[in-house]
file model.txt (compact mmCIF, C-alpha atoms)
# COMPACT_ATOMS: atom_id res chain seq x y z
CA MET A 1 140.77 138.26 0.10
CA PRO A 2 140.38 134.94 -1.76
CA ARG A 3 136.91 133.59 -2.21
CA SER A 4 135.85 130.94 0.29
CA ARG A 5 134.11 127.91 -1.13
CA LEU A 6 131.13 126.54 0.71
CA GLY A 7 130.40 122.86 0.71
CA SER A 8 127.09 122.93 -1.10
CA SER A 9 124.30 125.11 -2.44
CA ARG A 10 122.36 124.34 0.73
CA ASP A 11 125.21 125.79 2.80
CA MET A 12 125.01 128.94 0.72
CA LEU A 13 121.25 129.17 1.20
CA ASP A 14 121.68 128.76 4.95
CA VAL A 15 124.26 131.54 5.00
CA LEU A 16 121.96 133.84 3.03
CA LEU A 17 119.03 133.05 5.30
CA THR A 18 121.14 133.76 8.37
CA VAL A 19 122.59 137.03 7.11
CA VAL A 20 119.39 138.40 5.58
CA GLY A 21 117.28 137.19 8.51
CA ALA A 22 119.53 138.98 10.98
CA LEU A 23 119.41 142.13 8.86
CA ALA A 24 115.61 141.98 8.61
CA LEU A 25 115.27 141.60 12.38
CA LEU A 26 117.56 144.58 12.91
CA ILE A 27 115.63 146.74 10.45
CA ALA A 28 112.31 145.71 12.02
CA ALA A 29 113.57 146.57 15.51
CA LEU A 30 114.89 149.96 14.39
CA SER A 31 112.27 150.75 11.74
CA ARG A 32 111.26 154.14 13.13
CA ARG A 33 114.84 155.33 13.48
CA ILE A 34 115.76 154.08 10.02
CA GLN A 35 112.84 156.00 8.47
CA SER A 36 114.22 159.25 9.92
CA ALA A 37 117.85 158.48 9.04
CA PRO A 38 119.64 158.73 5.66
CA LEU A 39 119.22 154.99 5.19
CA SER A 40 116.82 152.56 3.56
CA GLY A 41 116.26 148.83 3.69
CA PRO A 42 117.61 148.22 0.16
CA LEU A 43 120.69 150.35 0.89
CA LEU A 44 121.44 148.43 4.10
CA ALA A 45 120.92 145.13 2.27
CA LEU A 46 123.24 146.20 -0.55
CA LEU A 47 125.96 147.16 1.93
CA THR A 48 125.45 143.90 3.79
CA GLY A 49 125.90 141.94 0.56
CA ILE A 50 129.12 143.83 -0.20
CA VAL A 51 130.56 143.27 3.28
CA PHE A 52 129.68 139.57 3.41
CA GLY A 53 130.42 139.06 -0.29
CA PRO A 54 133.57 137.66 -1.92
CA GLU A 55 135.44 140.98 -2.08
CA VAL A 56 135.44 141.58 1.70
CA LEU A 57 134.61 138.76 4.15
CA GLY A 58 133.97 136.06 1.57
CA VAL A 59 131.08 134.53 3.52
CA ILE A 60 128.56 134.82 0.67
CA ASP A 61 130.37 133.33 -2.31
CA LEU A 62 128.35 134.04 -5.44
CA PRO A 63 129.30 134.61 -9.08
CA THR A 64 129.20 138.16 -10.39
CA VAL A 65 126.19 139.54 -12.23
CA VAL A 66 128.06 138.93 -15.50
CA GLU A 67 128.34 135.21 -14.70
CA GLY A 68 125.07 134.68 -12.83
CA HIS A 69 122.66 136.91 -14.75
CA LYS A 70 120.08 134.15 -15.38
CA GLU A 71 119.48 133.50 -11.68
CA LEU A 72 119.33 137.22 -10.91
CA HIS A 73 116.79 137.69 -13.69
CA GLU A 74 114.39 135.14 -12.22
CA PHE A 75 114.85 136.54 -8.71
CA SER A 76 114.09 140.08 -9.90
CA ARG A 77 111.11 138.90 -11.97
CA VAL A 78 109.35 137.40 -8.95
CA LEU A 79 110.13 140.36 -6.71
CA LEU A 80 108.88 142.82 -9.32
CA ALA A 81 105.62 140.90 -9.67
CA ILE A 82 105.00 141.04 -5.92
CA SER A 83 105.94 144.72 -5.82
CA VAL A 84 103.72 145.86 -8.70
CA MET A 85 100.80 143.91 -7.21
CA ALA A 86 101.26 145.93 -4.00
CA VAL A 87 101.33 149.15 -6.03
CA ALA A 88 98.11 148.23 -7.86
CA LEU A 89 96.37 147.64 -4.52
CA ARG A 90 97.90 150.58 -2.64
CA PHE A 91 95.15 153.12 -3.34
CA PRO A 92 91.36 152.89 -3.79
CA PHE A 93 90.48 152.22 -7.41
CA ARG A 94 88.57 155.50 -7.74
CA ASP A 95 91.83 157.35 -6.96
CA VAL A 96 93.71 155.24 -9.51
CA ARG A 97 91.10 156.04 -12.17
CA GLY A 98 91.32 159.75 -11.33
CA ARG A 99 95.08 159.75 -12.00
CA ALA A 100 94.85 158.10 -15.43
CA LYS A 101 95.68 161.19 -17.52
CA PRO A 102 98.78 162.41 -15.65
CA VAL A 103 100.07 158.84 -15.35
CA ALA A 104 99.62 158.42 -19.12
CA VAL A 105 101.75 161.54 -19.68
CA LEU A 106 104.44 160.11 -17.43
CA LEU A 107 104.34 156.76 -19.22
CA VAL A 108 104.50 158.17 -22.73
CA VAL A 109 106.48 161.40 -22.51
CA ALA A 110 108.63 160.92 -19.42
CA MET A 111 109.56 157.28 -19.98
CA LEU A 112 110.47 157.83 -23.63
CA GLY A 113 112.42 160.95 -22.68
CA MET A 114 114.32 159.07 -19.96
CA ALA A 115 115.22 156.31 -22.42
CA LEU A 116 116.48 158.80 -25.03
CA ILE A 117 118.52 160.84 -22.54
CA THR A 118 120.10 157.75 -20.99
CA THR A 119 120.90 156.42 -24.46
CA ALA A 120 122.62 159.69 -25.42
CA LEU A 121 124.56 159.81 -22.13
CA SER A 122 125.70 156.21 -22.53
CA ALA A 123 126.94 156.78 -26.07
CA ALA A 124 128.71 160.04 -25.19
CA VAL A 125 130.33 158.95 -21.92
CA LEU A 126 131.13 155.30 -22.63
CA GLY A 127 131.83 155.64 -26.33
CA VAL A 128 129.73 152.57 -27.16
CA GLY A 129 127.72 152.02 -30.32
CA LEU A 130 124.04 152.82 -30.77
CA GLY A 131 122.91 149.27 -29.96
CA ALA A 132 124.67 149.09 -26.58
CA ALA A 133 123.62 152.65 -25.73
CA MET A 134 119.98 151.82 -26.50
CA LEU A 135 120.18 148.69 -24.36
CA LEU A 136 121.26 150.84 -21.43
CA GLY A 137 118.70 153.54 -22.20
CA ALA A 138 115.80 151.09 -22.34
CA ALA A 139 116.83 149.08 -19.27
CA LEU A 140 117.45 152.11 -17.06
CA CYS A 141 114.39 154.17 -18.00
CA PRO A 142 111.70 152.56 -15.77
CA THR A 143 111.06 154.06 -12.35
CA ASP A 144 111.55 151.26 -9.85
CA PRO A 145 108.53 150.46 -7.64
CA VAL A 146 110.66 148.69 -5.03
CA LEU A 147 112.95 151.63 -4.28
CA ALA A 148 110.19 154.19 -4.86
CA SER A 149 108.09 152.61 -2.09
CA SER A 150 110.47 154.12 0.48
CA VAL A 151 109.34 157.64 -0.42
CA VAL A 152 105.60 156.98 -0.83
CA THR A 153 104.86 154.65 2.09
CA GLY A 154 105.48 154.85 5.80
CA GLU A 155 104.47 157.49 8.30
CA PRO A 156 106.89 160.28 7.19
CA ALA A 157 105.79 160.01 3.54
CA GLU A 158 102.08 159.62 4.24
CA LYS A 159 102.03 162.61 6.58
CA GLY A 160 104.39 164.85 4.63
CA VAL A 161 103.88 164.21 0.91
CA ALA A 162 100.72 165.20 -0.95
CA ALA A 163 98.50 162.21 -1.70
CA ARG A 164 98.36 163.04 -5.42
CA THR A 165 102.16 163.13 -5.67
CA ARG A 166 102.52 159.78 -3.92
CA GLN A 167 99.87 158.26 -6.16
CA LEU A 168 101.52 159.52 -9.35
CA LEU A 169 104.93 158.14 -8.41
CA SER A 170 103.49 154.80 -7.29
CA LEU A 171 101.29 154.25 -10.33
CA GLU A 172 103.98 155.36 -12.75
CA SER A 173 106.52 153.00 -11.19
CA GLY A 174 104.06 150.11 -11.28
CA ALA A 175 103.01 150.60 -14.89
CA ASN A 176 106.25 151.56 -16.59
CA ASP A 177 108.05 148.42 -15.41
CA GLY A 178 105.97 146.39 -17.83
CA LEU A 179 105.50 149.05 -20.48
CA ALA A 180 109.26 149.49 -20.88
CA LEU A 181 109.35 146.14 -22.67
CA PRO A 182 108.69 147.55 -26.18
CA LEU A 183 111.65 149.92 -25.72
CA VAL A 184 113.83 147.00 -24.60
CA LEU A 185 112.76 144.92 -27.61
CA ALA A 186 113.49 147.85 -29.93
CA ALA A 187 116.98 148.07 -28.41
CA VAL A 188 117.43 144.31 -28.83
CA ALA A 189 116.44 144.69 -32.50
CA VAL A 190 119.07 147.38 -33.05
CA ALA A 191 121.79 145.56 -31.10
CA GLY A 192 121.04 142.04 -32.34
CA THR A 193 119.44 140.05 -35.09
CA LEU A 194 115.78 140.69 -34.24
CA THR A 195 114.09 142.61 -37.06
CA GLY A 196 112.01 145.71 -36.48
CA THR A 197 108.87 143.90 -37.61
CA ASP A 198 109.54 141.00 -35.25
CA ALA A 199 110.15 143.42 -32.37
CA LEU A 200 106.89 145.24 -33.10
CA LEU A 201 104.84 142.03 -33.34
CA GLU A 202 106.38 140.63 -30.17
CA SER A 203 105.72 143.89 -28.34
CA LEU A 204 102.07 143.88 -29.39
CA TRP A 205 101.61 140.26 -28.39
CA GLN A 206 103.33 140.63 -25.04
CA VAL A 207 101.75 143.93 -24.01
CA LEU A 208 98.18 143.44 -25.31
CA GLY A 209 98.13 139.82 -24.23
CA ALA A 210 99.36 140.81 -20.77
CA VAL A 211 96.59 143.38 -20.41
CA VAL A 212 93.92 140.87 -21.42
CA LEU A 213 95.29 138.14 -19.16
CA GLY A 214 95.73 140.53 -16.24
CA VAL A 215 92.27 142.06 -16.45
CA LEU A 216 90.61 138.66 -16.84
CA ALA A 217 92.56 137.02 -13.99
CA GLY A 218 92.15 139.99 -11.64
CA TRP A 219 88.42 140.33 -12.26
CA LEU A 220 87.78 136.60 -11.92
CA GLY A 221 89.96 136.49 -8.82
CA GLY A 222 88.10 139.37 -7.20
CA ARG A 223 84.64 138.09 -8.08
CA GLY A 224 85.56 134.56 -7.08
CA LEU A 225 86.72 135.74 -3.66
CA ARG A 226 83.51 137.69 -3.12
CA VAL A 227 81.35 134.68 -4.04
CA ALA A 228 83.40 132.39 -1.80
CA GLU A 229 83.05 134.81 1.11
CA ALA A 230 79.32 135.20 0.54
CA LYS A 231 78.84 131.43 0.54
CA ARG A 232 81.27 131.01 3.45
CA SER A 233 83.26 128.45 1.51
CA ILE A 234 86.57 130.13 2.30
CA GLU A 235 88.21 130.57 5.68
CA SER A 236 88.85 134.12 6.83
CA GLY A 237 92.44 135.29 6.56
CA PRO A 238 94.64 138.11 5.29
CA LEU A 239 93.77 139.31 1.80
CA LEU A 240 97.52 139.65 1.31
CA VAL A 241 97.88 135.88 0.96
CA TYR A 242 95.19 135.75 -1.73
CA THR A 243 96.70 138.60 -3.77
CA LEU A 244 100.20 137.13 -3.43
CA LEU A 245 98.93 133.83 -4.83
CA LEU A 246 97.15 135.73 -7.60
CA ALA A 247 100.38 137.54 -8.51
CA LEU A 248 102.34 134.27 -8.70
CA PHE A 249 99.61 132.59 -10.77
CA VAL A 250 99.47 135.44 -13.28
CA LEU A 251 103.26 135.64 -13.49
CA GLY A 252 103.51 131.92 -14.20
CA ALA A 253 100.68 131.93 -16.75
CA ALA A 254 102.19 134.94 -18.52
CA GLY A 255 105.52 133.15 -18.70
CA LEU A 256 103.94 130.08 -20.29
CA LEU A 257 102.15 132.28 -22.84
CA ARG A 258 105.29 134.36 -23.48
CA LEU A 259 103.58 137.54 -22.30
CA ASP A 260 104.84 140.56 -20.36
CA GLY A 261 104.49 139.04 -16.90
CA VAL A 262 105.16 142.19 -14.87
CA LEU A 263 102.52 144.16 -16.78
CA ALA A 264 100.07 141.24 -16.51
CA VAL A 265 100.45 141.17 -12.72
CA PHE A 266 100.01 144.95 -12.45
CA THR A 267 96.82 144.94 -14.53
CA SER A 268 95.49 141.96 -12.59
CA GLY A 269 96.06 143.92 -9.39
CA LEU A 270 94.14 146.89 -10.77
CA ALA A 271 91.27 144.65 -11.87
CA PHE A 272 91.21 142.95 -8.48
CA ASN A 273 91.30 146.37 -6.81
CA ALA A 274 88.25 147.44 -8.81
CA THR A 275 86.25 144.48 -7.44
CA SER A 276 87.23 144.86 -3.76
CA SER A 277 85.88 147.38 -1.28
CA VAL A 278 87.77 150.35 0.11
CA SER A 279 87.48 148.99 3.65
CA GLU A 280 89.05 145.69 2.62
CA ARG A 281 92.01 147.46 1.05
CA ALA A 282 92.46 149.84 4.00
CA ASP A 283 92.78 146.90 6.38
CA GLU A 284 95.42 145.25 4.20
CA ASP A 285 97.64 148.17 3.14
CA LYS A 286 99.89 148.04 6.20
CA ASN A 287 100.41 144.30 5.82
CA ASP A 288 101.20 144.64 2.11
CA GLU A 289 103.82 147.33 2.62
CA ALA A 290 105.42 145.59 5.60
CA VAL A 291 105.82 142.34 3.65
CA ASN A 292 107.17 144.10 0.56
CA ARG A 293 109.60 146.12 2.68
CA PHE A 294 111.26 142.91 3.83
CA LEU A 295 110.95 140.84 0.65
CA VAL A 296 113.31 143.23 -1.11
CA LEU A 297 116.17 142.60 1.32
CA PRO A 298 117.36 139.22 -0.05
CA LEU A 299 117.63 140.51 -3.61
CA PHE A 300 119.71 143.54 -2.71
CA ALA A 301 121.93 141.47 -0.41
CA VAL A 302 122.51 139.02 -3.28
CA PHE A 303 123.08 141.90 -5.69
CA GLY A 304 125.67 143.40 -3.33
CA ALA A 305 127.53 140.09 -3.27
CA MET A 306 127.38 139.81 -7.09
CA LEU A 307 128.66 143.28 -8.00
CA PRO A 308 131.06 143.08 -10.98
CA TRP A 309 133.98 145.02 -9.48
CA ARG A 310 136.48 144.01 -12.16
CA GLU A 311 134.17 145.07 -15.00
CA TRP A 312 133.49 148.35 -13.18
CA GLY A 313 137.21 148.99 -13.09
CA GLU A 314 137.48 148.31 -16.82
CA LEU A 315 134.93 151.07 -17.49
CA GLY A 316 137.38 153.65 -16.11
CA TRP A 317 136.63 155.53 -12.90
CA TRP A 318 135.97 158.86 -14.61
CA ARG A 319 133.63 157.31 -17.20
CA GLY A 320 131.72 155.51 -14.49
CA LEU A 321 131.45 158.65 -12.37
CA LEU A 322 130.30 160.78 -15.32
CA LEU A 323 127.71 158.21 -16.32
CA VAL A 324 126.31 157.96 -12.79
CA LEU A 325 126.15 161.73 -12.32
CA GLY A 326 124.67 162.25 -15.78
CA VAL A 327 121.96 159.61 -15.38
CA LEU A 328 120.99 160.61 -11.82
CA LEU A 329 120.84 164.34 -12.60
CA LEU A 330 119.71 164.48 -16.23
CA ARG A 331 117.71 161.33 -16.92
CA ARG A 332 114.52 162.45 -15.14
CA LEU A 333 114.66 165.76 -13.28
CA PRO A 334 114.69 168.10 -16.33
CA ILE A 335 111.78 166.18 -17.89
CA LEU A 336 109.59 166.46 -14.79
CA LEU A 337 110.38 170.16 -14.47
CA ALA A 338 109.35 170.60 -18.11
CA LEU A 339 106.13 168.68 -17.43
CA LYS A 340 105.29 170.75 -14.35
CA ARG A 341 102.42 172.59 -16.04
CA PRO A 342 100.93 169.67 -18.04
CA LEU A 343 100.92 167.59 -14.87
CA SER A 344 99.57 170.46 -12.76
CA LEU A 345 102.42 170.20 -10.27
CA ALA A 346 103.70 172.71 -7.76
CA TRP A 347 107.44 173.34 -7.89
CA ARG A 348 108.19 171.19 -4.86
CA ASP A 349 106.16 168.29 -6.31
CA ALA A 350 107.90 168.56 -9.69
CA VAL A 351 111.32 168.52 -8.02
CA PHE A 352 110.28 165.69 -5.71
CA LEU A 353 108.98 163.53 -8.56
CA GLY A 354 111.96 164.48 -10.70
CA TRP A 355 114.53 163.42 -8.15
CA PHE A 356 112.81 160.36 -6.71
CA GLY A 357 112.60 158.25 -9.83
CA PRO A 358 115.03 155.55 -8.63
CA ILE A 359 116.65 152.86 -10.76
CA GLY A 360 116.61 149.41 -9.17
CA VAL A 361 115.03 145.99 -9.54
CA SER A 362 113.28 146.77 -12.83
CA ALA A 363 116.62 147.79 -14.37
CA LEU A 364 118.22 144.55 -13.16
CA PHE A 365 115.31 142.65 -14.69
CA TYR A 366 115.78 144.22 -18.11
CA LEU A 367 119.59 144.22 -18.07
CA THR A 368 119.61 140.49 -17.38
CA MET A 369 116.86 139.93 -19.97
CA GLU A 370 119.02 141.63 -22.58
CA ALA A 371 122.00 139.51 -21.56
CA HIS A 372 119.88 136.37 -21.91
CA ARG A 373 118.61 137.29 -25.37
CA LEU A 374 121.80 138.71 -26.86
CA GLY A 375 124.57 137.17 -24.82
CA VAL A 376 126.53 139.01 -22.17
CA ASP A 377 127.95 142.42 -23.06
CA PRO A 378 130.25 143.11 -20.07
CA THR A 379 130.21 146.86 -20.73
CA VAL A 380 126.40 147.07 -20.74
CA LEU A 381 126.04 144.94 -17.61
CA ALA A 382 128.85 146.77 -15.81
CA ALA A 383 127.53 150.24 -16.64
CA GLY A 384 123.93 149.28 -15.89
CA THR A 385 124.66 147.65 -12.53
CA LEU A 386 126.90 150.58 -11.56
CA VAL A 387 123.99 152.98 -12.07
CA VAL A 388 121.62 150.66 -10.16
CA ALA A 389 124.03 150.45 -7.21
CA ALA A 390 124.58 154.22 -7.24
CA SER A 391 120.83 154.91 -7.37
CA THR A 392 120.26 152.54 -4.45
CA VAL A 393 122.86 154.39 -2.39
CA VAL A 394 122.00 157.95 -3.41
CA HIS A 395 118.22 157.67 -3.33
CA GLY A 396 118.35 155.61 -0.16
CA ALA A 397 120.53 158.23 1.55
CA THR A 398 118.40 161.18 0.37
CA THR A 399 114.96 159.78 1.22
CA ALA A 400 114.76 161.09 4.79
CA PRO A 401 116.29 164.53 4.06
CA GLY A 402 114.25 164.76 0.85
CA LEU A 403 111.01 164.17 2.72
CA ASP A 404 112.05 166.79 5.28
CA LEU A 405 112.87 169.36 2.58
CA TYR A 406 109.57 168.63 0.82
CA ARG A 407 107.67 169.28 4.04
CA LYS A 408 109.58 172.50 4.71
CA ALA A 409 108.83 173.72 1.17
CA ALA A 410 105.08 173.53 1.80
CA PRO A 411 103.17 176.80 1.24
CA ARG A 412 102.41 178.63 4.49
CA ARG A 413 98.66 178.12 4.11
CA GLU A 414 99.22 174.36 3.78
CA GLU A 415 101.38 174.29 6.92
CA ASN A 416 98.62 176.03 8.85
CA ALA A 417 95.87 173.73 7.54
call {"tool": "encode", "arguments": {"input": "model.txt", "output": "structure tokens"}}
result
Amino acid sequence: MPRSRLGSSRDMLDVLLTVVGALALLIAALSRRIQSAPLSGPLLALLTGIVFGPEVLGVIDLPTVVEGHKELHEFSRVLLAISVMAVALRFPFRDVRGRAKPVAVLLVVAMLGMALITTALSAAVLGVGLGAAMLLGAALCPTDPVLASSVVTGEPAEKGVAARTRQLLSLESGANDGLALPLVLAAVAVAGTLTGTDALLESLWQVLGAVVLGVLAGWLGGRGLRVAEAKRSIESGPLLVYTLLLALFVLGAAGLLRLDGVLAVFTSGLAFNATSSVSERADEDKNDEAVNRFLVLPLFAVFGAMLPWREWGELGWWRGLLLVLGVLLLRRLPILLALKRPLSLAWRDAVFLGWFGPIGVSALFYLTMEAHRLGVDPTVLAAGTLVVAASTVVHGATTAPGLDLYRKAAPRREENA
């Protein structure tokens, strides 16, 4: 079907608001049924974008990811910041502190292993050079906090999955989105003109500077809120609004300072969490997760309308299929099974964490960053977005049955507790 051309960018925005708004209302009305079905909000949004996009109905007429990567990068950057802030505030800070060692293992061993395996798979299956393979390996290694929230939040997950397992997956997905940046910069150095020394110095500046900025902003934000409340100089209202504004402030400041904005927002959320009471966080958790559940819908609808079908076809169907199967099955699961003992995991928790390490918004963020810094490599963007789309579909479809299998695999004594 030929692409329809809308009169103006405002027309396009109105169409997106109408389509995504209708989808959000439908998901809200059927939220309980969707949680028990092989569906997820991002999956439904992706399918909606495909159906209303230029390849089917032609209602949402957007350029492909290859042509519109700059806009998609900014969209994903903001959404990631909001998502990692929610992750940082999801659990009481004492629980976060208690998970520091296993999360560190996941960030160092698992993330590096996922990058290396994905790099090897990309080189072997696609036949690309080391630079392009590393770009894919670095961009696809982070565990996405947006897609992972489907399996760690909501009534089925909170009642069925062990609290420690949910905390590990949440905190890993929040932290490794920012900490994947040094791997991405190393890949950019190999694939482009950036020297190894420049990549190292930039990594140190971005990561260390982000930690300092995040801790300072989060602590000041938390203490400032407490003082304002004590002096009654601030009107009562949802803490969600305050933390959302904090996330946007830190993201903007990090951008001006050329720091790792996603990591800065995550650390600011942790610092803010450390200064707020458990009761305050408990009252806000449901609001945070509800808002984040719906904020993700526009991005995946836009992504569905921007899928690069022609570039996917140029990859070759068998290469694309092999890459998707290889990444989904080998990128993470074997590593988590190997780390079962160091992480003190039961078999069902190791399998659960190994399978549910989805690839989503964070991968789009880094794929489009690489395209901005090096120029568009259609093969890298096509292969990367194909894996993101496949992960959205597969992990979205397996969330409900995966939670059910996890519950059924519980030891008998735990079922009787």
call {"tool": "atom_distance", "arguments": {"input": "model.txt", "atom1": "atom CA of A:Ala400", "atom2": "atom CA of A:Ala37"}}
result
5.9 Å
call {"tool": "closest_atom_pairs", "arguments": {"input": "model.txt", "of": "stretch 82-146 of chain A", "to": "stretch 211-235 of chain A", "cutoff": "12 Å", "atoms": "only C-alpha atoms", "output": "CSV"}}
result
residue,atom,partner,partner_atom,distance
A:Met85,CA,A:Gly218,CA,10.5
A:Ala88,CA,A:Gly218,CA,10.8
A:Leu89,CA,A:Gly218,CA,11.3
call {"tool": "atom_distance", "arguments": {"input": "model.txt", "atom1": "atom CA of A:Val380", "atom2": "atom CA of A:Leu136"}}
result
6.4 Å
call {"tool": "residues_around", "arguments": {"input": "model.txt", "residues": "A:Val184", "least_positions_apart": "5", "cutoff": "7 Å", "atoms": "only C-alpha atoms", "output": "PDB file with C-alpha atoms, in the coordinates of the input"}}
result
ATOM      1  CA  LEU A 135     120.180 148.690 -24.360  1.00  0.00           C
ATOM      2  CA  ALA A 138     115.800 151.090 -22.340  1.00  0.00           C
ATOM      3  CA  ALA A 139     116.830 149.080 -19.270  1.00  0.00           C
TER       4      ALA A 139
END
call {"tool": "residues_near_point", "arguments": {"input": "model.txt", "point": "(116.5, 142.6, -1.7)", "cutoff": "9 Å", "atoms": "all atoms listed in the file", "output": "NGL selection string"}}
result
:A and (20 or 41-42 or 45-46 or 76 or 79 or 293-303 or 361)
call {"tool": "closest_residue", "arguments": {"input": "model.txt", "among": "A:Ser362, A:Thr267, A:Thr398, A:Thr392", "to": "A:His73", "atoms": "all atoms listed in the file"}}
result
A:Ser362
call {"tool": "closest_residue", "arguments": {"input": "model.txt", "among": "A:Val207, A:Leu201, A:Met369, A:Leu168", "to": "A:Lys70", "atoms": "only C-alpha atoms"}}
result
A:Met369
call {"tool": "residues_around", "arguments": {"input": "model.txt", "residues": "A:Leu322", "least_positions_apart": "5", "cutoff": "9 Å", "atoms": "all atoms listed in the file", "output": "list in words"}}
result
Leu121, Val125, Trp317 and Val327 of chain A
call {"tool": "residues_around", "arguments": {"input": "model.txt", "residues": "stretch 172-179 of chain A", "least_positions_apart": "4", "cutoff": "9 Å", "atoms": "all atoms listed in the file", "output": "NGL selection string"}}
result
:A and (80 or 83-88 or 103-104 or 106-107 or 111 or 141-146 or 148 or 167-168 or 183 or 207 or 260-264 or 266-267 or 357 or 362-363)
call {"tool": "decode", "arguments": {"input": "model.txt", "residues": "stretch 201-212 of chain A", "atoms": "N, CA and C atoms", "output": "mmCIF file, in the first residue's frame"}}
result
data_model
loop_
_atom_site.group_PDB
_atom_site.id
_atom_site.type_symbol
_atom_site.label_atom_id
_atom_site.label_comp_id
_atom_site.auth_asym_id
_atom_site.auth_seq_id
_atom_site.Cartn_x
_atom_site.Cartn_y
_atom_site.Cartn_z
ATOM 1 N N LEU A 201 38.985 7.846 28.157
ATOM 2 C CA LEU A 201 38.817 9.115 28.864
ATOM 3 C C LEU A 201 37.357 9.565 28.847
ATOM 4 N N GLU A 202 36.708 9.391 27.694
ATOM 5 C CA GLU A 202 35.297 9.777 27.613
ATOM 6 C C GLU A 202 34.437 8.906 28.520
ATOM 7 N N SER A 203 34.757 7.614 28.576
ATOM 8 C CA SER A 203 34.005 6.711 29.447
ATOM 9 C C SER A 203 34.146 7.123 30.908
ATOM 10 N N LEU A 204 35.378 7.424 31.317
ATOM 11 C CA LEU A 204 35.605 7.829 32.701
ATOM 12 C C LEU A 204 34.854 9.119 33.028
ATOM 13 N N TRP A 205 34.933 10.089 32.122
ATOM 14 C CA TRP A 205 34.246 11.354 32.362
ATOM 15 C C TRP A 205 32.733 11.156 32.446
ATOM 16 N N GLN A 206 32.191 10.414 31.477
ATOM 17 C CA GLN A 206 30.739 10.252 31.441
ATOM 18 C C GLN A 206 30.215 9.442 32.618
ATOM 19 N N VAL A 207 30.883 8.346 32.952
ATOM 20 C CA VAL A 207 30.387 7.466 34.012
ATOM 21 C C VAL A 207 30.616 8.079 35.396
ATOM 22 N N LEU A 208 31.860 8.479 35.685
ATOM 23 C CA LEU A 208 32.153 9.047 37.011
ATOM 24 C C LEU A 208 31.420 10.369 37.224
ATOM 25 N N GLY A 209 31.380 11.179 36.182
ATOM 26 C CA GLY A 209 30.656 12.435 36.297
ATOM 27 C C GLY A 209 29.167 12.213 36.518
ATOM 28 N N ALA A 210 28.609 11.192 35.864
ATOM 29 C CA ALA A 210 27.191 10.882 36.037
ATOM 30 C C ALA A 210 26.894 10.437 37.457
ATOM 31 N N VAL A 211 27.787 9.635 38.026
ATOM 32 C CA VAL A 211 27.586 9.175 39.404
ATOM 33 C C VAL A 211 27.610 10.356 40.370
ATOM 34 N N VAL A 212 28.590 11.250 40.203
ATOM 35 C CA VAL A 212 28.689 12.413 41.083
ATOM 36 C C VAL A 212 27.459 13.306 40.942
#
